[in-house]
>>> print(open('start_11.tsv').read())   # TSV, C-alpha atoms and all ligand atoms
chain	number	residue	atom	x	y	z
U	1	MET	CA	19.05	-20.46	-130.89
U	2	LYS	CA	19.33	-23.91	-129.37
U	3	ASP	CA	22.39	-26.01	-128.56
U	4	LYS	CA	24.34	-22.91	-127.56
U	5	THR	CA	23.53	-22.91	-123.88
U	6	PHE	CA	25.67	-20.71	-121.65
U	7	LEU	CA	25.55	-22.01	-118.08
U	8	MET	CA	25.76	-19.11	-115.67
U	9	ILE	CA	24.81	-21.25	-112.69
U	10	PRO	CA	27.35	-21.87	-109.93
U	11	GLY	CA	28.00	-25.40	-111.16
U	12	PRO	CA	28.14	-27.34	-113.29
U	13	THR	CA	30.05	-24.64	-115.16
U	14	PRO	CA	31.10	-24.40	-118.83
U	15	VAL	CA	33.77	-26.93	-119.83
U	16	PRO	CA	36.44	-26.27	-122.51
U	17	GLU	CA	36.09	-28.36	-125.66
U	18	SER	CA	39.58	-29.84	-125.20
U	19	VAL	CA	38.54	-31.14	-121.76
U	20	MET	CA	35.27	-32.60	-123.12
U	21	LEU	CA	37.06	-34.29	-126.04
U	22	GLU	CA	39.53	-35.90	-123.63
U	23	THR	CA	36.67	-37.35	-121.59
U	24	ALA	CA	35.12	-38.76	-124.80
U	25	ARG	CA	38.03	-41.15	-125.48
U	26	HIS	CA	37.65	-44.87	-124.75
U	27	PRO	CA	38.07	-45.64	-121.05
U	28	ILE	CA	41.47	-47.07	-120.11
U	29	GLY	CA	42.23	-49.55	-117.32
U	30	HIS	CA	42.59	-47.85	-113.98
U	31	ARG	CA	45.56	-50.07	-113.05
U	32	SER	CA	47.40	-49.45	-116.35
U	33	SER	CA	50.70	-47.59	-116.51
U	34	GLU	CA	49.01	-45.19	-118.94
U	35	PHE	CA	46.45	-44.19	-116.29
U	36	SER	CA	49.11	-44.01	-113.56
U	37	ALA	CA	50.99	-41.48	-115.68
U	38	ILE	CA	47.82	-39.36	-115.92
U	39	LEU	CA	47.21	-39.62	-112.17
U	40	LYS	CA	50.79	-38.63	-111.38
U	41	GLU	CA	50.27	-35.37	-113.28
U	42	VAL	CA	46.84	-34.83	-111.76
U	43	TYR	CA	48.09	-35.28	-108.18
U	44	GLU	CA	51.02	-32.94	-108.81
U	45	ASN	CA	48.94	-30.26	-110.50
U	46	LEU	CA	46.23	-30.44	-107.83
U	47	LYS	CA	48.87	-29.52	-105.25
U	48	TYR	CA	49.67	-26.49	-107.38
U	49	VAL	CA	46.01	-25.45	-107.66
U	50	PHE	CA	45.35	-26.06	-103.95
U	51	GLN	CA	48.62	-24.25	-103.18
U	52	THR	CA	49.74	-26.89	-100.72
U	53	LYS	CA	52.68	-29.17	-100.17
U	54	ASN	CA	50.30	-31.83	-98.83
U	55	ASP	CA	48.62	-34.54	-100.90
U	56	VAL	CA	45.30	-33.79	-102.55
U	57	PHE	CA	42.98	-36.80	-102.70
U	58	VAL	CA	40.61	-37.37	-105.62
U	59	PHE	CA	37.26	-39.03	-104.93
U	60	THR	CA	34.70	-40.18	-107.46
U	61	ALA	CA	31.93	-38.19	-105.81
U	62	SER	CA	30.32	-34.76	-105.83
U	63	GLY	CA	31.43	-31.96	-103.53
U	64	THR	CA	29.21	-33.28	-100.75
U	65	GLY	CA	31.20	-36.52	-100.94
U	66	ALA	CA	34.33	-34.55	-100.08
U	67	MET	CA	32.48	-32.92	-97.17
U	68	CYS	CA	31.65	-36.42	-95.90
U	69	ALA	CA	35.24	-37.48	-96.57
U	70	ALA	CA	36.34	-34.70	-94.22
U	71	LEU	CA	34.05	-35.16	-91.23
U	72	GLU	CA	33.60	-38.94	-91.46
U	73	ASN	CA	37.34	-39.28	-90.87
U	74	LEU	CA	37.58	-36.78	-88.04
U	75	VAL	CA	34.47	-36.91	-85.85
U	76	ASN	CA	33.75	-39.37	-83.04
U	77	PRO	CA	30.32	-39.44	-81.38
U	78	GLY	CA	30.15	-36.73	-78.72
U	79	ASP	CA	32.85	-34.55	-80.29
U	80	LYS	CA	32.06	-30.85	-80.22
U	81	VAL	CA	31.81	-29.27	-83.68
U	82	LEU	CA	31.17	-25.58	-84.24
U	83	CYS	CA	29.54	-24.87	-87.62
U	84	LEU	CA	29.85	-21.37	-89.07
U	85	SER	CA	26.81	-20.99	-91.28
U	86	MET	CA	26.17	-18.29	-93.88
U	87	GLY	CA	23.58	-20.36	-95.76
U	88	ASN	CA	22.71	-23.76	-97.21
U	89	PHE	CA	26.23	-25.10	-97.50
U	90	GLY	CA	27.23	-24.02	-94.02
U	91	GLU	CA	24.12	-25.90	-92.83
U	92	ARG	CA	25.25	-28.98	-94.76
U	93	TRP	CA	28.40	-29.22	-92.62
U	94	ALA	CA	26.18	-29.24	-89.54
U	95	LYS	CA	23.99	-32.04	-90.94
U	96	ILE	CA	27.02	-34.19	-91.75
U	97	ALA	CA	28.56	-33.56	-88.32
U	98	GLU	CA	25.25	-34.52	-86.68
U	99	SER	CA	25.11	-37.71	-88.76
U	100	ARG	CA	28.40	-38.70	-87.06
U	101	GLY	CA	26.99	-38.10	-83.59
U	102	ALA	CA	28.75	-34.78	-83.00
U	103	VAL	CA	27.48	-32.26	-80.48
U	104	ILE	CA	27.09	-29.20	-82.64
U	105	GLU	CA	26.65	-25.51	-82.14
U	106	LYS	CA	26.33	-22.92	-84.86
U	107	ILE	CA	27.10	-19.32	-85.56
U	108	LYS	CA	24.42	-18.39	-88.07
U	109	VAL	CA	24.20	-15.11	-89.98
U	110	ASP	CA	21.47	-13.64	-92.17
U	111	ALA	CA	21.55	-14.28	-95.91
U	112	GLY	CA	24.26	-12.16	-97.52
U	113	GLN	CA	26.21	-11.62	-94.27
U	114	VAL	CA	29.58	-13.12	-93.32
U	115	ILE	CA	30.97	-14.52	-90.06
U	116	ASP	CA	32.28	-11.90	-87.66
U	117	ALA	CA	35.75	-12.56	-86.19
U	118	GLN	CA	34.81	-11.20	-82.75
U	119	VAL	CA	31.69	-13.36	-82.53
U	120	LEU	CA	33.82	-16.37	-83.47
U	121	GLN	CA	36.38	-15.57	-80.73
U	122	GLU	CA	33.63	-15.41	-78.11
U	123	LYS	CA	31.93	-18.61	-79.28
U	124	LEU	CA	35.22	-20.52	-79.30
U	125	ALA	CA	35.93	-19.45	-75.74
U	126	GLN	CA	32.43	-20.43	-74.58
U	127	PHE	CA	31.91	-23.73	-76.54
U	128	ASN	CA	35.51	-24.94	-76.85
U	129	PRO	CA	34.94	-27.20	-79.88
U	130	LYS	CA	37.32	-29.78	-81.31
U	131	ILE	CA	36.49	-28.90	-84.93
U	132	VAL	CA	35.18	-25.78	-86.66
U	133	THR	CA	33.54	-26.06	-90.09
U	134	LEU	CA	33.24	-23.09	-92.39
U	135	THR	CA	32.40	-22.17	-95.95
U	136	HIS	CA	34.70	-19.94	-97.97
U	137	SER	CA	32.29	-18.94	-100.76
U	138	GLU	CA	28.66	-19.57	-99.72
U	139	THR	CA	27.07	-20.42	-103.05
U	140	SER	CA	23.49	-20.00	-101.83
U	141	THR	CA	24.04	-16.29	-101.07
U	142	GLY	CA	27.23	-15.18	-102.84
U	143	ALA	CA	28.89	-14.11	-99.58
U	144	ALA	CA	32.54	-14.99	-98.94
U	145	ASN	CA	34.17	-15.35	-95.54
U	146	ASP	CA	37.59	-13.93	-94.67
U	147	VAL	CA	38.92	-17.46	-94.28
U	148	LYS	CA	42.46	-16.33	-93.53
U	149	THR	CA	41.41	-14.33	-90.47
U	150	LEU	CA	38.83	-16.88	-89.27
U	151	CYS	CA	41.21	-19.84	-89.58
U	152	SER	CA	44.01	-18.03	-87.76
U	153	ILE	CA	41.61	-17.45	-84.84
U	154	ILE	CA	40.52	-21.11	-84.95
U	155	ARG	CA	44.18	-22.19	-84.90
U	156	LYS	CA	44.97	-19.94	-81.92
U	157	HIS	CA	42.21	-21.71	-79.99
U	158	GLY	CA	43.81	-25.06	-80.83
U	159	CYS	CA	40.81	-26.27	-82.87
U	160	LEU	CA	40.83	-27.91	-86.28
U	161	SER	CA	39.48	-25.89	-89.21
U	162	VAL	CA	37.59	-27.71	-91.97
U	163	VAL	CA	36.89	-25.47	-94.95
U	164	ASP	CA	34.46	-25.85	-97.85
U	165	GLY	CA	36.27	-24.43	-100.87
U	166	VAL	CA	33.83	-25.89	-103.39
U	167	THR	CA	33.22	-22.58	-105.18
U	168	SER	CA	36.31	-20.72	-103.97
U	169	VAL	CA	39.28	-22.86	-105.02
U	170	CYS	CA	40.39	-21.50	-108.44
U	171	ALA	CA	38.08	-18.48	-108.13
U	172	MET	CA	39.54	-16.81	-105.05
U	173	PRO	CA	42.90	-16.93	-103.26
U	174	CYS	CA	42.75	-19.89	-100.87
U	175	LYS	CA	46.07	-20.92	-99.35
U	176	PRO	CA	45.74	-23.77	-96.84
U	177	ASP	CA	49.43	-23.91	-95.89
U	178	ASP	CA	49.73	-20.15	-95.30
U	179	TRP	CA	46.25	-19.53	-93.87
U	180	ASP	CA	46.01	-22.16	-91.10
U	181	ILE	CA	43.41	-24.19	-93.01
U	182	ASP	CA	43.67	-27.75	-91.72
U	183	VAL	CA	41.30	-29.49	-94.15
U	184	LEU	CA	40.13	-28.05	-97.48
U	185	ILE	CA	37.70	-29.63	-99.93
U	186	SER	CA	36.44	-28.80	-103.41
U	187	GLY	CA	34.71	-30.28	-106.48
U	188	SER	CA	35.44	-30.63	-110.20
U	189	GLN	CA	32.32	-28.98	-111.66
U	190	LYS	CA	33.12	-25.52	-110.29
U	191	GLY	CA	36.29	-23.49	-110.86
U	192	PHE	CA	38.16	-26.51	-112.20
U	193	MET	CA	36.46	-26.28	-115.62
U	194	ALA	CA	35.71	-30.01	-115.58
U	195	PRO	CA	32.42	-31.94	-115.57
U	196	PRO	CA	30.76	-32.96	-112.27
U	197	GLY	CA	31.80	-36.20	-110.60
U	198	LEU	CA	35.14	-35.63	-108.88
U	199	ALA	CA	35.81	-34.22	-105.43
U	200	PHE	CA	39.04	-33.22	-103.73
U	201	LEU	CA	40.40	-33.07	-100.19
U	202	THR	CA	43.67	-31.97	-98.70
U	203	ALA	CA	44.59	-32.35	-95.01
U	204	ASN	CA	47.64	-31.23	-93.04
U	205	GLU	CA	49.56	-32.94	-90.21
U	206	ARG	CA	47.27	-31.52	-87.51
U	207	ALA	CA	44.29	-33.05	-89.28
U	208	TRP	CA	46.05	-36.40	-89.61
U	209	LYS	CA	46.50	-36.46	-85.81
U	210	VAL	CA	42.74	-36.09	-85.40
U	211	TYR	CA	42.15	-38.71	-88.11
U	212	GLU	CA	44.28	-41.14	-86.10
U	213	GLN	CA	41.86	-40.75	-83.16
U	214	CYS	CA	38.80	-41.43	-85.35
U	215	GLU	CA	37.23	-44.66	-84.11
U	216	HIS	CA	35.27	-45.50	-87.27
U	217	PRO	CA	36.79	-43.79	-90.29
U	218	SER	CA	34.89	-43.89	-93.58
U	219	PHE	CA	35.59	-46.94	-95.76
U	220	TYR	CA	35.15	-45.44	-99.24
U	221	PHE	CA	36.73	-42.11	-98.30
U	222	ASP	CA	39.36	-43.47	-95.89
U	223	TRP	CA	42.28	-41.03	-95.86
U	224	ALA	CA	44.94	-43.69	-95.23
U	225	ALA	CA	43.82	-45.71	-98.25
U	226	HIS	CA	43.89	-42.58	-100.39
U	227	LYS	CA	47.29	-41.48	-99.08
U	228	LYS	CA	48.80	-44.84	-100.00
U	229	ALA	CA	47.14	-44.66	-103.42
U	230	VAL	CA	48.55	-41.18	-104.11
U	231	ALA	CA	52.05	-42.40	-103.24
U	232	ASP	CA	51.60	-45.21	-105.80
U	233	ASP	CA	50.03	-42.99	-108.51
U	234	THR	CA	46.81	-44.91	-108.28
U	235	THR	CA	43.39	-44.81	-106.56
U	236	PRO	CA	41.96	-47.26	-103.99
U	237	PHE	CA	38.91	-48.15	-106.14
U	238	THR	CA	37.82	-47.81	-109.76
U	239	PRO	CA	37.71	-44.05	-110.31
U	240	ALA	CA	35.87	-42.11	-113.02
U	241	VAL	CA	38.82	-42.58	-115.40
U	242	ASN	CA	37.37	-40.44	-118.18
U	243	LEU	CA	36.69	-37.54	-115.82
U	244	ILE	CA	40.22	-37.77	-114.44
U	245	ALA	CA	41.64	-37.72	-117.98
U	246	GLY	CA	39.55	-34.59	-118.66
U	247	LEU	CA	40.61	-33.05	-115.36
U	248	ASN	CA	44.24	-33.56	-116.34
U	249	VAL	CA	43.71	-31.33	-119.39
U	250	ALA	CA	41.82	-28.73	-117.33
U	251	LEU	CA	44.54	-28.61	-114.65
U	252	LYS	CA	47.17	-27.98	-117.32
U	253	MET	CA	45.07	-25.09	-118.61
U	254	ILE	CA	44.88	-23.69	-115.08
U	255	LYS	CA	48.63	-24.05	-114.70
U	256	ASP	CA	49.21	-22.30	-118.03
U	257	GLU	CA	46.98	-19.40	-116.97
U	258	GLY	CA	48.57	-19.36	-113.50
U	259	ILE	CA	46.50	-19.68	-110.33
U	260	ASP	CA	47.06	-16.04	-109.34
U	261	ASN	CA	45.94	-14.86	-112.79
U	262	MET	CA	42.93	-17.13	-112.59
U	263	ASN	CA	41.97	-15.68	-109.20
U	264	ALA	CA	42.45	-12.17	-110.60
U	265	ARG	CA	40.25	-12.96	-113.64
U	266	HIS	CA	37.45	-14.14	-111.33
U	267	LYS	CA	37.72	-11.04	-109.17
U	268	LYS	CA	37.63	-8.74	-112.20
U	269	HIS	CA	34.59	-10.53	-113.61
U	270	ALA	CA	32.68	-10.59	-110.32
U	271	MET	CA	33.37	-6.92	-109.56
U	272	ALA	CA	32.53	-5.81	-113.12
U	273	LEU	CA	29.26	-7.76	-112.96
U	274	ARG	CA	28.41	-6.18	-109.61
U	275	ALA	CA	29.04	-2.73	-111.11
U	276	ALA	CA	26.77	-3.59	-114.06
U	277	ILE	CA	23.97	-4.78	-111.76
U	278	ARG	CA	24.14	-1.56	-109.74
U	279	ALA	CA	24.11	0.49	-112.94
U	280	LEU	CA	20.85	-1.24	-113.92
U	281	GLY	CA	19.29	-0.11	-110.64
U	282	LEU	CA	19.13	-3.62	-109.14
U	283	GLN	CA	20.10	-4.56	-105.58
U	284	LEU	CA	22.87	-6.99	-104.70
U	285	LEU	CA	22.19	-9.41	-101.84
U	286	VAL	CA	25.78	-8.97	-100.60
U	287	LYS	CA	26.10	-5.21	-100.28
U	288	ASP	CA	29.80	-4.87	-99.55
U	289	ASP	CA	32.23	-5.80	-102.36
U	290	SER	CA	34.78	-6.99	-99.81
U	291	ASN	CA	32.33	-9.67	-98.60
U	292	ALA	CA	31.40	-10.82	-102.10
U	293	SER	CA	32.25	-14.17	-103.63
U	294	CYS	CA	34.15	-13.99	-106.91
U	295	ALA	CA	32.31	-17.09	-108.10
U	296	ILE	CA	28.64	-16.19	-107.73
U	297	THR	CA	26.59	-13.00	-107.57
U	298	SER	CA	23.12	-12.90	-106.01
U	299	ILE	CA	20.77	-10.28	-107.41
U	300	VAL	CA	17.43	-9.03	-106.11
U	301	PRO	CA	14.93	-8.53	-108.97
U	302	PRO	CA	13.38	-5.09	-109.55
U	303	GLU	CA	9.96	-4.34	-107.98
U	304	GLY	CA	7.17	-6.04	-109.89
U	305	ILE	CA	9.36	-8.39	-111.94
U	306	SER	CA	9.63	-11.99	-110.83
U	307	VAL	CA	12.73	-14.18	-110.67
U	308	PRO	CA	11.04	-16.96	-112.71
U	309	ASP	CA	10.22	-14.43	-115.47
U	310	ILE	CA	13.79	-13.17	-115.60
U	311	ARG	CA	15.17	-16.70	-115.71
U	312	LYS	CA	12.64	-17.81	-118.32
U	313	THR	CA	13.34	-14.83	-120.60
U	314	LEU	CA	17.12	-15.28	-120.37
U	315	LYS	CA	16.70	-18.98	-121.19
U	316	ASN	CA	14.10	-18.74	-123.93
U	317	ASP	CA	15.42	-15.67	-125.73
U	318	TYR	CA	19.17	-16.05	-125.19
U	319	ASP	CA	19.81	-19.63	-124.00
U	320	ILE	CA	21.53	-18.31	-120.87
U	321	VAL	CA	20.84	-20.24	-117.67
U	322	VAL	CA	21.03	-18.39	-114.35
U	323	ALA	CA	20.19	-19.97	-111.01
U	324	ASN	CA	17.23	-19.33	-108.73
U	325	GLY	CA	17.73	-18.72	-105.01
U	326	GLN	CA	17.73	-21.77	-102.77
U	327	GLY	CA	15.39	-22.55	-99.87
U	328	GLN	CA	13.95	-19.37	-98.38
U	329	LEU	CA	15.67	-17.33	-101.07
U	330	GLN	CA	13.82	-19.13	-103.87
U	331	ASP	CA	12.21	-16.56	-106.21
U	332	LYS	CA	13.68	-13.78	-104.03
U	333	ILE	CA	17.05	-13.64	-105.81
U	334	PHE	CA	18.63	-14.96	-108.97
U	335	ARG	CA	22.27	-15.98	-109.06
U	336	MET	CA	24.78	-15.45	-111.86
U	337	GLY	CA	27.91	-17.61	-111.80
U	338	THR	CA	31.21	-16.31	-113.14
U	339	LEU	CA	33.06	-19.45	-112.25
U	340	GLY	CA	35.66	-21.44	-114.19
U	341	PHE	CA	35.80	-21.23	-117.97
U	342	VAL	CA	34.34	-17.74	-118.33
U	343	CYS	CA	35.76	-14.95	-120.48
U	344	ASP	CA	34.99	-11.26	-120.97
U	345	ARG	CA	32.92	-12.08	-124.08
U	346	ASP	CA	30.62	-14.34	-122.06
U	347	LEU	CA	29.95	-11.59	-119.54
U	348	ILE	CA	29.37	-8.90	-122.15
U	349	GLY	CA	26.83	-11.20	-123.81
U	350	ALA	CA	25.20	-12.08	-120.51
U	351	VAL	CA	24.82	-8.50	-119.28
U	352	GLY	CA	23.53	-7.44	-122.72
U	353	ALA	CA	21.00	-10.28	-122.59
U	354	LEU	CA	20.03	-9.34	-119.04
U	355	GLU	CA	19.41	-5.73	-120.14
U	356	ALA	CA	17.25	-6.89	-123.04
U	357	SER	CA	15.32	-9.31	-120.79
U	358	LEU	CA	14.70	-6.68	-118.11
U	359	GLN	CA	13.49	-4.18	-120.72
U	360	LYS	CA	11.14	-6.76	-122.19
U	361	LEU	CA	9.75	-7.38	-118.70
U	362	GLY	CA	9.15	-3.66	-118.13
U	363	HIS	CA	12.12	-2.52	-115.99
U	364	ARG	CA	13.22	0.98	-116.96
U	365	PHE	CA	16.85	2.12	-117.08
U	366	GLU	CA	19.19	3.82	-119.51
U	367	THR	CA	19.83	1.30	-122.28
U	368	GLY	CA	23.44	0.16	-122.24
U	369	ALA	CA	24.11	1.35	-118.67
U	370	GLY	CA	24.88	-2.18	-117.47
U	371	VAL	CA	27.12	-3.05	-120.39
U	372	GLN	CA	28.95	0.25	-120.03
U	373	ALA	CA	29.63	-0.30	-116.34
U	374	LEU	CA	30.69	-3.86	-117.08
U	375	LEU	CA	33.13	-2.77	-119.80
U	376	LYS	CA	34.65	-0.23	-117.44
U	377	GLY	CA	35.18	-2.97	-114.85
U	378	LEU	CA	36.72	-5.28	-117.43
U	379	GLN	CA	39.40	-2.76	-118.47
U	401	LIG	C1	29.81	-24.14	-101.38
U	401	LIG	C2	29.32	-25.51	-101.79
U	401	LIG	N1	29.55	-26.55	-100.97
U	401	LIG	C3	29.14	-27.78	-101.26
U	401	LIG	C4	28.45	-28.04	-102.42
U	401	LIG	C5	27.97	-29.41	-102.68
U	401	LIG	O1	28.53	-29.92	-103.85
U	401	LIG	P1	27.78	-31.04	-104.70
U	401	LIG	O2	26.48	-30.49	-105.16
U	401	LIG	O3	28.77	-31.25	-105.82
U	401	LIG	O4	27.64	-32.23	-103.82
U	401	LIG	C6	28.18	-27.00	-103.32
U	401	LIG	C7	27.42	-27.23	-104.54
U	401	LIG	O5	26.95	-26.34	-105.20
U	401	LIG	C8	28.64	-25.70	-102.98
U	401	LIG	O6	28.42	-24.68	-103.80
>>> encode(input="start_11.tsv", output="structure tokens")
Amino acid sequence: MKDKTFLMIPGPTPVPESVMLETARHPIGHRSSEFSAILKEVYENLKYVFQTKNDVFVFTASGTGAMCAALENLVNPGDKVLCLSMGNFGERWAKIAESRGAVIEKIKVDAGQVIDAQVLQEKLAQFNPKIVTLTHSETSTGAANDVKTLCSIIRKHGCLSVVDGVTSVCAMPCKPDDWDIDVLISGSQKGFMAPPGLAFLTANERAWKVYEQCEHPSFYFDWAAHKKAVADDTTPFTPAVNLIAGLNVALKMIKDEGIDNMNARHKKHAMALRAAIRALGLQLLVKDDSNASCAITSIVPPEGISVPDIRKTLKNDYDIVVANGQGQLQDKIFRMGTLGFVCDRDLIGAVGALEASLQKLGHRFETGAGVQALLKGLQ
């Protein structure tokens, strides 16, 4: 059946009809009082979702734009930046830092592994960086760092922590004010249940002190311009007004569900999916549940069955889209997103479809084992 696509990729993610309908209305003027009223709610509700008392800026950009908005306002040439890399998105921080002339070092782990607190302690003592970048949920592998522990270590060393929460905010507890996170960024097309095109950043007082020393802050993403705009319920430039109107509806849905409940829903879904995958006799890239992202699950295909065949069968027979691995993990894993507007029904359908696809491709297991394990996890 066509026109019934279920996106199980880690973004863009499914968007509620009420959010889509809001974005379909005629654009309104971005300096109108009507739009200011929308922005006022959006700024307030973003603080709730980000669980911070600090402002949350909204950029018309993708998540990478927010990453640039972080480092381009903090880094001077020659500054030392330590990049904690679990995969592609950890590497992206390093590339952006290098583009600003930073002297970088990395802690790199194998695909599926997370950053070790002891290794971080030693590296901080040896390299003594000004800024440390890290990824909460590494979308390319499905591994999730213990951001609370890592950021408390970074704080104790007097460094600034800059955290990528692109696939963790909404999906996993992430509390900048309580967890010593100095800068946190995210994007609309992930847990926020909104279309792609908006990116978010929040920074605390420690980060603002570093911003003040930045010799050439970004023009488009300049924090001071955005801070003034937030205070006036506006934006510095013409924003994607329709996306912001849609986001306003999505944020109210998040508030109605409650951020803790939303985090709990994601955890339940991710853990139930992991149980289902194990019951089907497949390997998970991230072995330990406590290191697993609640947004994305990376799965190793069974011997003799290829990732492209699994993806093609799920798409052609069931109109379910799952992601391939990225870079060196291409065709080695497939990734199933459980991020944003996802309910039990979606997962039951997806695991049922995965069982049927695997059987068609010749993998042998007890029919229904995956769905049964999933249902148990969903209780
Ligand atoms: C963890 C993480 N960081 C950054 C990005 C980059 O976001 P975008 O593709 O919206 O620029 C993504 C996108 O998937 C991501 O998953």
>>> closest_residue(input="start_11.tsv", among="U:Asp309, U:Asp79, U:Glu212, U:Glu17", to="Gly101 (chain U)", atoms="only C-alpha atoms")
U:Asp79
>>> residues_near_ligand(input="start_11.tsv", ligand="ligand LIG 401 (chain U)", cutoff="10 Å", atoms="only C-alpha atoms and all ligand atoms", output="JSON, numbers by chain")
{"U": [9, 10, 11, 12, 61, 62, 63, 64, 65, 66, 67, 68, 87, 88, 89, 90, 91, 92, 93, 134, 135, 136, 137, 138, 139, 140, 141, 142, 144, 163, 164, 165, 166, 167, 168, 185, 186, 187, 188, 189, 190, 196, 197, 198, 199, 295, 296]}
>>> write_last_selection(input="start_11.tsv", atoms="C-alpha atoms", output="compact mmCIF listing (two decimals), keeping the file's coordinate frame")
# COMPACT_ATOMS: atom_id res chain seq x y z
CA ILE U 9 24.81 -21.25 -112.69
CA PRO U 10 27.35 -21.87 -109.93
CA GLY U 11 28.00 -25.40 -111.16
CA PRO U 12 28.14 -27.34 -113.29
CA ALA U 61 31.93 -38.19 -105.81
CA SER U 62 30.32 -34.76 -105.83
CA GLY U 63 31.43 -31.96 -103.53
CA THR U 64 29.21 -33.28 -100.75
CA GLY U 65 31.20 -36.52 -100.94
CA ALA U 66 34.33 -34.55 -100.08
CA MET U 67 32.48 -32.92 -97.17
CA CYS U 68 31.65 -36.42 -95.90
CA GLY U 87 23.58 -20.36 -95.76
CA ASN U 88 22.71 -23.76 -97.21
CA PHE U 89 26.23 -25.10 -97.50
CA GLY U 90 27.23 -24.02 -94.02
CA GLU U 91 24.12 -25.90 -92.83
CA ARG U 92 25.25 -28.98 -94.76
CA TRP U 93 28.40 -29.22 -92.62
CA LEU U 134 33.24 -23.09 -92.39
CA THR U 135 32.40 -22.17 -95.95
CA HIS U 136 34.70 -19.94 -97.97
CA SER U 137 32.29 -18.94 -100.76
CA GLU U 138 28.66 -19.57 -99.72
CA THR U 139 27.07 -20.42 -103.05
CA SER U 140 23.49 -20.00 -101.83
CA THR U 141 24.04 -16.29 -101.07
CA GLY U 142 27.23 -15.18 -102.84
CA ALA U 144 32.54 -14.99 -98.94
CA VAL U 163 36.89 -25.47 -94.95
CA ASP U 164 34.46 -25.85 -97.85
CA GLY U 165 36.27 -24.43 -100.87
CA VAL U 166 33.83 -25.89 -103.39
CA THR U 167 33.22 -22.58 -105.18
CA SER U 168 36.31 -20.72 -103.97
CA ILE U 185 37.70 -29.63 -99.93
CA SER U 186 36.44 -28.80 -103.41
CA GLY U 187 34.71 -30.28 -106.48
CA SER U 188 35.44 -30.63 -110.20
CA GLN U 189 32.32 -28.98 -111.66
CA LYS U 190 33.12 -25.52 -110.29
CA PRO U 196 30.76 -32.96 -112.27
CA GLY U 197 31.80 -36.20 -110.60
CA LEU U 198 35.14 -35.63 -108.88
CA ALA U 199 35.81 -34.22 -105.43
CA ALA U 295 32.31 -17.09 -108.10
CA ILE U 296 28.64 -16.19 -107.73
>>> residues_around(input="start_11.tsv", residues="Lys228 (chain U)", least_positions_apart="5", cutoff="12 Å", atoms="all atoms listed in the file", output="PDB file with C-alpha atoms, in the coordinates of the input")
ATOM      1  CA  ASP U  55      48.620 -34.540-100.900  1.00  0.00           C
ATOM      2  CA  VAL U  56      45.300 -33.790-102.550  1.00  0.00           C
ATOM      3  CA  PHE U  57      42.980 -36.800-102.700  1.00  0.00           C
ATOM      4  CA  ASP U 222      39.360 -43.470 -95.890  1.00  0.00           C
ATOM      5  CA  TRP U 223      42.280 -41.030 -95.860  1.00  0.00           C
ATOM      6  CA  ASP U 233      50.030 -42.990-108.510  1.00  0.00           C
ATOM      7  CA  THR U 234      46.810 -44.910-108.280  1.00  0.00           C
ATOM      8  CA  THR U 235      43.390 -44.810-106.560  1.00  0.00           C
ATOM      9  CA  PRO U 236      41.960 -47.260-103.990  1.00  0.00           C
TER      10      PRO U 236
END
>>> atom_distance(input="start_11.tsv", atom1="CA of Ala69 (chain U)", atom2="CA of Ala224 (chain U)")
11.6 Å
>>> closest_residue(input="start_11.tsv", among="U:Val114, U:Gln126, U:Gln121, U:Ile104", to="Ile153 (chain U)", atoms="only C-alpha atoms")
U:Gln121
>>> residues_around(input="start_11.tsv", residues="Ser18 (chain U)", least_positions_apart="5", cutoff="12 Å", atoms="only C-alpha atoms", output="list of chain:residue names")
U:Thr23, U:Ala24, U:Arg25, U:Met193, U:Ala194, U:Ala245, U:Gly246, U:Leu247, U:Asn248, U:Val249, U:Ala250, U:Leu251, U:Lys252, U:Met253, U:Phe341
>>> atom_distance(input="start_11.tsv", atom1="CA of Val81 (chain U)", atom2="CA of Ile96 (chain U)")
10.6 Å
>>> closest_residue(input="start_11.tsv", among="U:Gly158, U:Gly377, U:Gly304, U:Gly258", to="Pro173 (chain U)", atoms="all atoms listed in the file")
U:Gly258
>>> closest_residue(input="start_11.tsv", among="U:Asp232, U:Glu98, U:Asp289, U:Asp182", to="Gly112 (chain U)", atoms="all atoms listed in the file")
U:Asp289
>>> closest_residue(input="start_11.tsv", among="U:Met20, U:Cys159, U:Leu375, U:Ile154", to="Ala272 (chain U)", atoms="only C-alpha atoms")
U:Leu375
>>> axis_aligned_box(input="start_11.tsv", around="region 28-35 of chain U", padding_each_side="3 Å", output="lines of an AutoDock Vina configuration file")
center_x = 46.1
center_y = -47.1
center_z = -116.6
size_x = 15.2
size_y = 11.9
size_z = 13.1
>>> closest_residue(input="start_11.tsv", among="U:Cys170, U:Val286, U:Leu74, U:Ile115", to="Val183 (chain U)", atoms="all atoms listed in the file")
U:Leu74
